[in-house]
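Note sheet for the following structure.
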Amino acid sequence: MNEIANQRFISDFILTSRQDVSGGAIVFDQDDPLYTDRPVEAISPGAEYPLAGVGSGTPQAVRVTKWGQDVPITDEKIKRSNFSPVEKAFNVIVNQLVKTVDSLSLSLIASQVTAAQNVTDGAWASSTKILRDIMLAKAKVKGLNKGYDPDVIVVDDLTWALLASDDKLSTLMAREDKGNSVYTGEFRTIAGLTILPTPNLPAAGAWVIDTNALGGIGDEKLGEGYVGDTVETKSIRDEDNDQWRVRGRRVCVPYVNEPGAAIKITGI
């Protein structure tokens, strides 16, 4: 059985802010300013300090959505199975819910983030300047001077394969190192960025992201006998039909409050 950890679900990793929701919605300011509205001044002894204003971003309000499903399991199936159908049902429901939220979150990021860095030497399949493209994208985000510091690059599986097998990048790695991708098939970091490959991007590409600033996921806990921190689960007895209903749900909404904390590399 496929476990969640092997499915490379990443939305909870790149949208790190958390809000406990009450009332079915969250309110936040998008793109808050980092500085006051005027520069500081030299102040003479005994003189008044100048007043400055602190602006706010654009107010946003988003509603949570309840995602979930039931899987019926008959008494016969439970009795006659050599494996646990209940445990299997819980696992696959959770997988499905996490996959759904992952796809929603990545689509939201794609729609909210408008900054782009085009490749400098054509598509990465033949480019000799992949590292430069990544460093330029990272520099653009940091160059906004808003305190952003990108720490991950999110790519689809084919783009990851291009990175891991690129001859030019291989020559820049430490020689005689049995830990590089040629030997291990793993390629985890580049230019100080953790590489996160995922099958759930809405389109092929690469996104350089500051996960500490980009946004978060608001979760609403409705209670009523459910267990679990992120995905809530519950088993419900259906006496009329001699079966159990295994249920999973997540009441949540992903949000982006600092779209400048990410950039897409285009032309890959």
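By convention in this document, the chains of the structure tokens carry letters A, B, ... by their order, each chain's residues are numbered from 1, and ligands are numbered from 1 in the order they are shown.
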
Just the alpha helix (DSSP H) stuff from stretch 48-265 of chain A, please, per backbone DSSP, written as a PDB file with N, CA, C and O atoms, in the first residue's frame.
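For reference, result.pdb as written:
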ATOM      1  N   ASP A  75     -19.707  -6.195   7.190  1.00  0.00           N
ATOM      2  CA  ASP A  75     -19.236  -7.124   8.221  1.00  0.00           C
ATOM      3  C   ASP A  75     -18.573  -8.345   7.592  1.00  0.00           C
ATOM      4  O   ASP A  75     -17.592  -8.879   8.120  1.00  0.00           O
ATOM      5  N   GLU A  76     -19.102  -8.794   6.449  1.00  0.00           N
ATOM      6  CA  GLU A  76     -18.527  -9.948   5.776  1.00  0.00           C
ATOM      7  C   GLU A  76     -17.083  -9.683   5.344  1.00  0.00           C
ATOM      8  O   GLU A  76     -16.208 -10.543   5.501  1.00  0.00           O
ATOM      9  N   LYS A  77     -16.853  -8.499   4.805  1.00  0.00           N
ATOM     10  CA  LYS A  77     -15.509  -8.182   4.335  1.00  0.00           C
ATOM     11  C   LYS A  77     -14.527  -8.117   5.498  1.00  0.00           C
ATOM     12  O   LYS A  77     -13.391  -8.590   5.394  1.00  0.00           O
ATOM     13  N   ILE A  78     -14.972  -7.551   6.603  1.00  0.00           N
ATOM     14  CA  ILE A  78     -14.104  -7.472   7.781  1.00  0.00           C
ATOM     15  C   ILE A  78     -13.801  -8.866   8.296  1.00  0.00           C
ATOM     16  O   ILE A  78     -12.657  -9.203   8.629  1.00  0.00           O
ATOM     17  N   LYS A  79     -14.812  -9.729   8.353  1.00  0.00           N
ATOM     18  CA  LYS A  79     -14.657 -11.066   8.919  1.00  0.00           C
ATOM     19  C   LYS A  79     -13.794 -11.961   8.041  1.00  0.00           C
ATOM     20  O   LYS A  79     -12.994 -12.772   8.531  1.00  0.00           O
ATOM     21  N   ARG A  80     -13.935 -11.842   6.727  1.00  0.00           N
ATOM     22  CA  ARG A  80     -13.316 -12.795   5.811  1.00  0.00           C
ATOM     23  C   ARG A  80     -11.973 -12.353   5.252  1.00  0.00           C
ATOM     24  O   ARG A  80     -11.310 -13.118   4.553  1.00  0.00           O
ATOM     25  N   PRO A  85      -9.370  -4.328   6.324  1.00  0.00           N
ATOM     26  CA  PRO A  85     -10.012  -3.421   5.355  1.00  0.00           C
ATOM     27  C   PRO A  85     -10.303  -2.056   5.945  1.00  0.00           C
ATOM     28  O   PRO A  85     -10.351  -1.065   5.223  1.00  0.00           O
ATOM     29  N   VAL A  86     -10.508  -1.993   7.253  1.00  0.00           N
ATOM     30  CA  VAL A  86     -10.772  -0.699   7.884  1.00  0.00           C
ATOM     31  C   VAL A  86      -9.528   0.174   7.842  1.00  0.00           C
ATOM     32  O   VAL A  86      -9.574   1.349   7.458  1.00  0.00           O
ATOM     33  N   GLU A  87      -8.398  -0.395   8.234  1.00  0.00           N
ATOM     34  CA  GLU A  87      -7.148   0.371   8.216  1.00  0.00           C
ATOM     35  C   GLU A  87      -6.787   0.801   6.798  1.00  0.00           C
ATOM     36  O   GLU A  87      -6.355   1.929   6.561  1.00  0.00           O
ATOM     37  N   LYS A  88      -7.001  -0.114   5.837  1.00  0.00           N
ATOM     38  CA  LYS A  88      -6.712   0.224   4.446  1.00  0.00           C
ATOM     39  C   LYS A  88      -7.610   1.366   3.973  1.00  0.00           C
ATOM     40  O   LYS A  88      -7.148   2.294   3.300  1.00  0.00           O
ATOM     41  N   ALA A  89      -8.888   1.309   4.328  1.00  0.00           N
ATOM     42  CA  ALA A  89      -9.814   2.365   3.913  1.00  0.00           C
ATOM     43  C   ALA A  89      -9.409   3.715   4.491  1.00  0.00           C
ATOM     44  O   ALA A  89      -9.439   4.737   3.791  1.00  0.00           O
ATOM     45  N   PHE A  90      -9.031   3.730   5.775  1.00  0.00           N
ATOM     46  CA  PHE A  90      -8.582   4.981   6.383  1.00  0.00           C
ATOM     47  C   PHE A  90      -7.378   5.545   5.635  1.00  0.00           C
ATOM     48  O   PHE A  90      -7.302   6.746   5.341  1.00  0.00           O
ATOM     49  N   ASN A  91      -6.421   4.684   5.311  1.00  0.00           N
ATOM     50  CA  ASN A  91      -5.202   5.144   4.649  1.00  0.00           C
ATOM     51  C   ASN A  91      -5.485   5.740   3.281  1.00  0.00           C
ATOM     52  O   ASN A  91      -4.957   6.799   2.929  1.00  0.00           O
ATOM     53  N   VAL A  92      -6.319   5.055   2.483  1.00  0.00           N
ATOM     54  CA  VAL A  92      -6.546   5.562   1.132  1.00  0.00           C
ATOM     55  C   VAL A  92      -7.430   6.807   1.137  1.00  0.00           C
ATOM     56  O   VAL A  92      -7.278   7.690   0.278  1.00  0.00           O
ATOM     57  N   ILE A  93      -8.344   6.924   2.096  1.00  0.00           N
ATOM     58  CA  ILE A  93      -9.136   8.150   2.219  1.00  0.00           C
ATOM     59  C   ILE A  93      -8.233   9.328   2.555  1.00  0.00           C
ATOM     60  O   ILE A  93      -8.341  10.414   1.973  1.00  0.00           O
ATOM     61  N   VAL A  94      -7.331   9.127   3.516  1.00  0.00           N
ATOM     62  CA  VAL A  94      -6.403  10.189   3.888  1.00  0.00           C
ATOM     63  C   VAL A  94      -5.522  10.562   2.699  1.00  0.00           C
ATOM     64  O   VAL A  94      -5.291  11.743   2.419  1.00  0.00           O
ATOM     65  N   ASN A  95      -5.031   9.561   1.970  1.00  0.00           N
ATOM     66  CA  ASN A  95      -4.242   9.843   0.766  1.00  0.00           C
ATOM     67  C   ASN A  95      -5.017  10.729  -0.204  1.00  0.00           C
ATOM     68  O   ASN A  95      -4.488  11.695  -0.767  1.00  0.00           O
ATOM     69  N   GLN A  96      -6.288  10.377  -0.431  1.00  0.00           N
ATOM     70  CA  GLN A  96      -7.106  11.125  -1.382  1.00  0.00           C
ATOM     71  C   GLN A  96      -7.336  12.561  -0.929  1.00  0.00           C
ATOM     72  O   GLN A  96      -7.278  13.505  -1.729  1.00  0.00           O
ATOM     73  N   LEU A  97      -7.580  12.745   0.366  1.00  0.00           N
ATOM     74  CA  LEU A  97      -7.801  14.090   0.892  1.00  0.00           C
ATOM     75  C   LEU A  97      -6.543  14.943   0.791  1.00  0.00           C
ATOM     76  O   LEU A  97      -6.602  16.118   0.400  1.00  0.00           O
ATOM     77  N   VAL A  98      -5.412  14.368   1.143  1.00  0.00           N
ATOM     78  CA  VAL A  98      -4.163  15.125   1.081  1.00  0.00           C
ATOM     79  C   VAL A  98      -3.825  15.468  -0.367  1.00  0.00           C
ATOM     80  O   VAL A  98      -3.370  16.569  -0.673  1.00  0.00           O
ATOM     81  N   LYS A  99      -4.065  14.539  -1.284  1.00  0.00           N
ATOM     82  CA  LYS A  99      -3.827  14.804  -2.714  1.00  0.00           C
ATOM     83  C   LYS A  99      -4.710  15.951  -3.203  1.00  0.00           C
ATOM     84  O   LYS A  99      -4.261  16.816  -3.956  1.00  0.00           O
ATOM     85  N   THR A 100      -5.958  15.972  -2.757  1.00  0.00           N
ATOM     86  CA  THR A 100      -6.884  17.026  -3.167  1.00  0.00           C
ATOM     87  C   THR A 100      -6.412  18.389  -2.681  1.00  0.00           C
ATOM     88  O   THR A 100      -6.349  19.366  -3.445  1.00  0.00           O
ATOM     89  N   VAL A 101      -6.058  18.478  -1.403  1.00  0.00           N
ATOM     90  CA  VAL A 101      -5.602  19.756  -0.843  1.00  0.00           C
ATOM     91  C   VAL A 101      -4.291  20.178  -1.484  1.00  0.00           C
ATOM     92  O   VAL A 101      -4.050  21.369  -1.730  1.00  0.00           O
ATOM     93  N   ASP A 102      -3.426  19.207  -1.792  1.00  0.00           N
ATOM     94  CA  ASP A 102      -2.161  19.524  -2.448  1.00  0.00           C
ATOM     95  C   ASP A 102      -2.400  20.162  -3.813  1.00  0.00           C
ATOM     96  O   ASP A 102      -1.807  21.185  -4.145  1.00  0.00           O
ATOM     97  N   SER A 103      -3.274  19.571  -4.606  1.00  0.00           N
ATOM     98  CA  SER A 103      -3.563  20.107  -5.938  1.00  0.00           C
ATOM     99  C   SER A 103      -4.193  21.493  -5.850  1.00  0.00           C
ATOM    100  O   SER A 103      -3.850  22.396  -6.622  1.00  0.00           O
ATOM    101  N   LEU A 104      -5.113  21.682  -4.892  1.00  0.00           N
ATOM    102  CA  LEU A 104      -5.736  22.995  -4.716  1.00  0.00           C
ATOM    103  C   LEU A 104      -4.706  24.048  -4.330  1.00  0.00           C
ATOM    104  O   LEU A 104      -4.715  25.171  -4.850  1.00  0.00           O
ATOM    105  N   SER A 105      -3.820  23.699  -3.424  1.00  0.00           N
ATOM    106  CA  SER A 105      -2.821  24.657  -2.941  1.00  0.00           C
ATOM    107  C   SER A 105      -1.850  25.051  -4.039  1.00  0.00           C
ATOM    108  O   SER A 105      -1.526  26.238  -4.210  1.00  0.00           O
ATOM    109  N   LEU A 106      -1.386  24.071  -4.811  1.00  0.00           N
ATOM    110  CA  LEU A 106      -0.433  24.376  -5.872  1.00  0.00           C
ATOM    111  C   LEU A 106      -1.086  25.180  -6.991  1.00  0.00           C
ATOM    112  O   LEU A 106      -0.450  26.061  -7.589  1.00  0.00           O
ATOM    113  N   SER A 107      -2.346  24.914  -7.277  1.00  0.00           N
ATOM    114  CA  SER A 107      -3.064  25.722  -8.265  1.00  0.00           C
ATOM    115  C   SER A 107      -3.253  27.150  -7.773  1.00  0.00           C
ATOM    116  O   SER A 107      -3.149  28.112  -8.555  1.00  0.00           O
ATOM    117  N   LEU A 108      -3.530  27.312  -6.472  1.00  0.00           N
ATOM    118  CA  LEU A 108      -3.657  28.654  -5.898  1.00  0.00           C
ATOM    119  C   LEU A 108      -2.358  29.427  -6.022  1.00  0.00           C
ATOM    120  O   LEU A 108      -2.348  30.601  -6.421  1.00  0.00           O
ATOM    121  N   ILE A 109      -1.239  28.780  -5.694  1.00  0.00           N
ATOM    122  CA  ILE A 109       0.064  29.443  -5.804  1.00  0.00           C
ATOM    123  C   ILE A 109       0.323  29.867  -7.247  1.00  0.00           C
ATOM    124  O   ILE A 109       0.766  30.984  -7.521  1.00  0.00           O
ATOM    125  N   ALA A 110       0.000  28.985  -8.196  1.00  0.00           N
ATOM    126  CA  ALA A 110       0.217  29.302  -9.609  1.00  0.00           C
ATOM    127  C   ALA A 110      -0.598  30.512 -10.045  1.00  0.00           C
ATOM    128  O   ALA A 110      -0.161  31.299 -10.903  1.00  0.00           O
ATOM    129  N   SER A 111      -1.787  30.684  -9.460  1.00  0.00           N
ATOM    130  CA  SER A 111      -2.646  31.805  -9.859  1.00  0.00           C
ATOM    131  C   SER A 111      -2.285  33.105  -9.138  1.00  0.00           C
ATOM    132  O   SER A 111      -2.518  34.192  -9.673  1.00  0.00           O
ATOM    133  N   GLN A 112      -1.722  33.012  -7.937  1.00  0.00           N
ATOM    134  CA  GLN A 112      -1.442  34.197  -7.134  1.00  0.00           C
ATOM    135  C   GLN A 112      -0.049  34.775  -7.383  1.00  0.00           C
ATOM    136  O   GLN A 112       0.156  35.983  -7.248  1.00  0.00           O
ATOM    137  N   ILE A 130      21.525  26.197 -16.192  1.00  0.00           N
ATOM    138  CA  ILE A 130      20.431  25.911 -15.259  1.00  0.00           C
ATOM    139  C   ILE A 130      20.693  26.560 -13.907  1.00  0.00           C
ATOM    140  O   ILE A 130      19.803  27.190 -13.323  1.00  0.00           O
ATOM    141  N   LEU A 131      21.896  26.426 -13.396  1.00  0.00           N
ATOM    142  CA  LEU A 131      22.212  27.013 -12.096  1.00  0.00           C
ATOM    143  C   LEU A 131      22.036  28.522 -12.125  1.00  0.00           C
ATOM    144  O   LEU A 131      21.508  29.110 -11.172  1.00  0.00           O
ATOM    145  N   ARG A 132      22.435  29.166 -13.228  1.00  0.00           N
ATOM    146  CA  ARG A 132      22.268  30.619 -13.333  1.00  0.00           C
ATOM    147  C   ARG A 132      20.791  30.994 -13.297  1.00  0.00           C
ATOM    148  O   ARG A 132      20.404  31.968 -12.648  1.00  0.00           O
ATOM    149  N   ASP A 133      19.949  30.231 -13.999  1.00  0.00           N
ATOM    150  CA  ASP A 133      18.510  30.500 -13.992  1.00  0.00           C
ATOM    151  C   ASP A 133      17.954  30.460 -12.573  1.00  0.00           C
ATOM    152  O   ASP A 133      17.163  31.329 -12.169  1.00  0.00           O
ATOM    153  N   ILE A 134      18.351  29.455 -11.822  1.00  0.00           N
ATOM    154  CA  ILE A 134      17.860  29.310 -10.444  1.00  0.00           C
ATOM    155  C   ILE A 134      18.381  30.445  -9.566  1.00  0.00           C
ATOM    156  O   ILE A 134      17.630  31.023  -8.769  1.00  0.00           O
ATOM    157  N   MET A 135      19.657  30.783  -9.709  1.00  0.00           N
ATOM    158  CA  MET A 135      20.227  31.856  -8.900  1.00  0.00           C
ATOM    159  C   MET A 135      19.602  33.205  -9.242  1.00  0.00           C
ATOM    160  O   MET A 135      19.382  34.039  -8.358  1.00  0.00           O
ATOM    161  N   LEU A 136      19.293  33.446 -10.517  1.00  0.00           N
ATOM    162  CA  LEU A 136      18.643  34.698 -10.906  1.00  0.00           C
ATOM    163  C   LEU A 136      17.233  34.789 -10.323  1.00  0.00           C
ATOM    164  O   LEU A 136      16.802  35.854  -9.868  1.00  0.00           O
ATOM    165  N   ALA A 137      16.508  33.667 -10.357  1.00  0.00           N
ATOM    166  CA  ALA A 137      15.169  33.663  -9.762  1.00  0.00           C
ATOM    167  C   ALA A 137      15.244  33.934  -8.264  1.00  0.00           C
ATOM    168  O   ALA A 137      14.463  34.728  -7.722  1.00  0.00           O
ATOM    169  N   LYS A 138      16.177  33.284  -7.610  1.00  0.00           N
ATOM    170  CA  LYS A 138      16.363  33.490  -6.168  1.00  0.00           C
ATOM    171  C   LYS A 138      16.735  34.946  -5.875  1.00  0.00           C
ATOM    172  O   LYS A 138      16.222  35.562  -4.925  1.00  0.00           O
ATOM    173  N   ALA A 139      17.594  35.522  -6.712  1.00  0.00           N
ATOM    174  CA  ALA A 139      18.026  36.912  -6.516  1.00  0.00           C
ATOM    175  C   ALA A 139      16.871  37.890  -6.708  1.00  0.00           C
ATOM    176  O   ALA A 139      16.788  38.911  -6.021  1.00  0.00           O
ATOM    177  N   LYS A 140      15.966  37.586  -7.650  1.00  0.00           N
ATOM    178  CA  LYS A 140      14.819  38.474  -7.869  1.00  0.00           C
ATOM    179  C   LYS A 140      13.928  38.537  -6.641  1.00  0.00           C
ATOM    180  O   LYS A 140      13.424  39.603  -6.272  1.00  0.00           O
ATOM    181  N   VAL A 141      13.710  37.406  -6.009  1.00  0.00           N
ATOM    182  CA  VAL A 141      12.876  37.372  -4.808  1.00  0.00           C
ATOM    183  C   VAL A 141      13.561  38.127  -3.673  1.00  0.00           C
ATOM    184  O   VAL A 141      12.932  38.963  -2.998  1.00  0.00           O
ATOM    185  N   LYS A 142      14.831  37.875  -3.456  1.00  0.00           N
ATOM    186  CA  LYS A 142      15.557  38.569  -2.390  1.00  0.00           C
ATOM    187  C   LYS A 142      15.698  40.057  -2.693  1.00  0.00           C
ATOM    188  O   LYS A 142      15.711  40.892  -1.784  1.00  0.00           O
ATOM    189  N   ASP A 157       8.056  16.109 -11.874  1.00  0.00           N
ATOM    190  CA  ASP A 157       8.985  14.984 -11.912  1.00  0.00           C
ATOM    191  C   ASP A 157       9.949  15.047 -13.095  1.00  0.00           C
ATOM    192  O   ASP A 157      11.136  14.725 -12.955  1.00  0.00           O
ATOM    193  N   LEU A 158       9.471  15.451 -14.272  1.00  0.00           N
ATOM    194  CA  LEU A 158      10.348  15.504 -15.436  1.00  0.00           C
ATOM    195  C   LEU A 158      11.411  16.593 -15.286  1.00  0.00           C
ATOM    196  O   LEU A 158      12.566  16.406 -15.677  1.00  0.00           O
ATOM    197  N   THR A 159      11.019  17.722 -14.708  1.00  0.00           N
ATOM    198  CA  THR A 159      11.995  18.788 -14.473  1.00  0.00           C
ATOM    199  C   THR A 159      13.034  18.344 -13.456  1.00  0.00           C
ATOM    200  O   THR A 159      14.229  18.644 -13.584  1.00  0.00           O
ATOM    201  N   TRP A 160      12.584  17.616 -12.427  1.00  0.00           N
ATOM    202  CA  TRP A 160      13.545  17.060 -11.457  1.00  0.00           C
ATOM    203  C   TRP A 160      14.544  16.144 -12.160  1.00  0.00           C
ATOM    204  O   TRP A 160      15.750  16.187 -11.881  1.00  0.00           O
ATOM    205  N   ALA A 161      14.072  15.317 -13.078  1.00  0.00           N
ATOM    206  CA  ALA A 161      14.962  14.411 -13.796  1.00  0.00           C
ATOM    207  C   ALA A 161      15.999  15.187 -14.606  1.00  0.00           C
ATOM    208  O   ALA A 161      17.176  14.789 -14.688  1.00  0.00           O
ATOM    209  N   LEU A 162      15.592  16.305 -15.211  1.00  0.00           N
ATOM    210  CA  LEU A 162      16.538  17.133 -15.951  1.00  0.00           C
ATOM    211  C   LEU A 162      17.599  17.708 -15.021  1.00  0.00           C
ATOM    212  O   LEU A 162      18.790  17.746 -15.357  1.00  0.00           O
ATOM    213  N   LEU A 163      17.191  18.156 -13.840  1.00  0.00           N
ATOM    214  CA  LEU A 163      18.143  18.683 -12.867  1.00  0.00           C
ATOM    215  C   LEU A 163      19.131  17.609 -12.415  1.00  0.00           C
ATOM    216  O   LEU A 163      20.348  17.825 -12.391  1.00  0.00           O
ATOM    217  N   ALA A 164      18.587  16.453 -12.042  1.00  0.00           N
ATOM    218  CA  ALA A 164      19.419  15.401 -11.455  1.00  0.00           C
ATOM    219  C   ALA A 164      20.403  14.808 -12.452  1.00  0.00           C
ATOM    220  O   ALA A 164      21.442  14.274 -12.052  1.00  0.00           O
ATOM    221  N   SER A 165      20.091  14.889 -13.760  1.00  0.00           N
ATOM    222  CA  SER A 165      20.941  14.250 -14.762  1.00  0.00           C
ATOM    223  C   SER A 165      21.755  15.247 -15.579  1.00  0.00           C
ATOM    224  O   SER A 165      22.425  14.846 -16.536  1.00  0.00           O
ATOM    225  N   ASP A 167      24.605  17.289 -17.036  1.00  0.00           N
ATOM    226  CA  ASP A 167      26.057  17.099 -17.030  1.00  0.00           C
ATOM    227  C   ASP A 167      26.786  18.296 -16.429  1.00  0.00           C
ATOM    228  O   ASP A 167      27.767  18.138 -15.690  1.00  0.00           O
ATOM    229  N   LYS A 168      26.317  19.506 -16.763  1.00  0.00           N
ATOM    230  CA  LYS A 168      27.013  20.708 -16.265  1.00  0.00           C
ATOM    231  C   LYS A 168      26.903  20.797 -14.739  1.00  0.00           C
ATOM    232  O   LYS A 168      27.883  21.125 -14.060  1.00  0.00           O
ATOM    233  N   LEU A 169      25.728  20.500 -14.200  1.00  0.00           N
ATOM    234  CA  LEU A 169      25.584  20.519 -12.751  1.00  0.00           C
ATOM    235  C   LEU A 169      26.439  19.435 -12.100  1.00  0.00           C
ATOM    236  O   LEU A 169      27.010  19.641 -11.025  1.00  0.00           O
ATOM    237  N   SER A 170      26.541  18.283 -12.746  1.00  0.00           N
ATOM    238  CA  SER A 170      27.340  17.187 -12.191  1.00  0.00           C
ATOM    239  C   SER A 170      28.802  17.582 -12.048  1.00  0.00           C
ATOM    240  O   SER A 170      29.474  17.215 -11.074  1.00  0.00           O
ATOM    241  N   THR A 171      29.324  18.366 -13.011  1.00  0.00           N
ATOM    242  CA  THR A 171      30.735  18.770 -12.940  1.00  0.00           C
ATOM    243  C   THR A 171      30.986  19.774 -11.822  1.00  0.00           C
ATOM    244  O   THR A 171      32.132  19.951 -11.389  1.00  0.00           O
ATOM    245  N   LEU A 172      29.931  20.455 -11.360  1.00  0.00           N
ATOM    246  CA  LEU A 172      30.084  21.430 -10.285  1.00  0.00           C
ATOM    247  C   LEU A 172      30.024  20.787  -8.898  1.00  0.00           C
ATOM    248  O   LEU A 172      30.349  21.425  -7.911  1.00  0.00           O
ATOM    249  N   SER A 181      23.956  12.383  -7.205  1.00  0.00           N
ATOM    250  CA  SER A 181      22.822  11.742  -7.874  1.00  0.00           C
ATOM    251  C   SER A 181      23.238  10.645  -8.849  1.00  0.00           C
ATOM    252  O   SER A 181      22.457   9.742  -9.153  1.00  0.00           O
ATOM    253  N   VAL A 182      24.465  10.699  -9.354  1.00  0.00           N
ATOM    254  CA  VAL A 182      24.928   9.666 -10.283  1.00  0.00           C
ATOM    255  C   VAL A 182      24.896   8.296  -9.622  1.00  0.00           C
ATOM    256  O   VAL A 182      24.547   7.288 -10.236  1.00  0.00           O
ATOM    257  N   TYR A 183      25.250   8.273  -8.316  1.00  0.00           N
ATOM    258  CA  TYR A 183      25.301   7.002  -7.590  1.00  0.00           C
ATOM    259  C   TYR A 183      23.999   6.687  -6.865  1.00  0.00           C
ATOM    260  O   TYR A 183      23.580   5.530  -6.797  1.00  0.00           O
ATOM    261  N   THR A 184      23.357   7.704  -6.303  1.00  0.00           N
ATOM    262  CA  THR A 184      22.224   7.450  -5.412  1.00  0.00           C
ATOM    263  C   THR A 184      20.861   7.587  -6.088  1.00  0.00           C
ATOM    264  O   THR A 184      19.864   7.065  -5.584  1.00  0.00           O
TER     265      THR A 184
END

| If you run DSSP on this backbone, which residues of stretch 75-216 of chain A come out as strand (DSSP E), and could you give them as JSON, numbers by chain? | {"A": [116, 117, 118, 152, 153, 154, 155, 189, 190, 193, 194, 195, 196, 197, 206, 207, 208, 209, 215, 216]}

Taking only C-alpha atoms into account, produce a table as a tab-separated table in which each residue of stretch 108-223 of chain A with an atom at most 6 Å from an atom of stretch 236-257 of chain A appears once, together with its shortest atom pair and the distance in Å to one decimal, ordered by chain and rising number.
residue	atom	partner	partner_atom	distance
A:Leu214	CA	A:Val256	CA	5.8
A:Gly215	CA	A:Val256	CA	4.2
A:Gly216	CA	A:Tyr255	CA	5.5
A:Ile217	CA	A:Pro254	CA	4.2
A:Gly218	CA	A:Val253	CA	5.3
A:Asp219	CA	A:Cys252	CA	4.3
A:Glu220	CA	A:Val251	CA	5.4

| field | Interatomic distance, atom CA of A:Lys146 to atom CA of A:Arg38 (Å, one decimal) | value |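 Rounded to one decimal, the two atoms are 15.8 Å apart.
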
Using only C-alpha atoms, determine which residues lie at most 9 Å from A:Val62, disregarding the query and same-chain residues fewer than 2 positions distant; provide the list as a PDB file with N, CA and C atoms, in the first residue's frame.
ATOM      1  N   GLY A  24     -16.087  29.700   9.911  1.00  0.00           N
ATOM      2  CA  GLY A  24     -16.114  29.289   8.519  1.00  0.00           C
ATOM      3  C   GLY A  24     -15.273  30.085   7.559  1.00  0.00           C
ATOM      4  N   ALA A  25     -14.466  31.052   8.039  1.00  0.00           N
ATOM      5  CA  ALA A  25     -13.651  31.854   7.125  1.00  0.00           C
ATOM      6  C   ALA A  25     -12.471  32.441   7.875  1.00  0.00           C
ATOM      7  N   ILE A  26     -11.471  32.865   7.123  1.00  0.00           N
ATOM      8  CA  ILE A  26     -10.336  33.579   7.706  1.00  0.00           C
ATOM      9  C   ILE A  26     -10.163  34.899   6.972  1.00  0.00           C
ATOM     10  N   VAL A  27      -9.626  35.873   7.681  1.00  0.00           N
ATOM     11  CA  VAL A  27      -9.351  37.198   7.121  1.00  0.00           C
ATOM     12  C   VAL A  27      -7.866  37.476   7.316  1.00  0.00           C
ATOM     13  N   PHE A  28      -7.210  37.975   6.265  1.00  0.00           N
ATOM     14  CA  PHE A  28      -5.783  38.273   6.365  1.00  0.00           C
ATOM     15  C   PHE A  28      -5.454  39.421   5.422  1.00  0.00           C
ATOM     16  N   GLN A  60      -8.105  40.441   2.692  1.00  0.00           N
ATOM     17  CA  GLN A  60      -8.658  39.298   1.972  1.00  0.00           C
ATOM     18  C   GLN A  60      -9.473  38.452   2.947  1.00  0.00           C
ATOM     19  N   VAL A  64     -13.564  28.518   4.259  1.00  0.00           N
ATOM     20  CA  VAL A  64     -13.098  27.138   4.266  1.00  0.00           C
ATOM     21  C   VAL A  64     -14.080  26.264   3.488  1.00  0.00           C
ATOM     22  N   VAL A 253      -8.788  25.809   4.103  1.00  0.00           N
ATOM     23  CA  VAL A 253      -8.614  26.690   2.952  1.00  0.00           C
ATOM     24  C   VAL A 253      -7.138  27.099   2.884  1.00  0.00           C
ATOM     25  N   PRO A 254      -6.470  26.878   1.748  1.00  0.00           N
ATOM     26  CA  PRO A 254      -5.115  27.407   1.566  1.00  0.00           C
ATOM     27  C   PRO A 254      -5.182  28.888   1.194  1.00  0.00           C
ATOM     28  N   TYR A 255      -4.160  29.647   1.565  1.00  0.00           N
ATOM     29  CA  TYR A 255      -4.129  31.065   1.219  1.00  0.00           C
ATOM     30  C   TYR A 255      -2.689  31.523   0.998  1.00  0.00           C
TER      31      TYR A 255
END
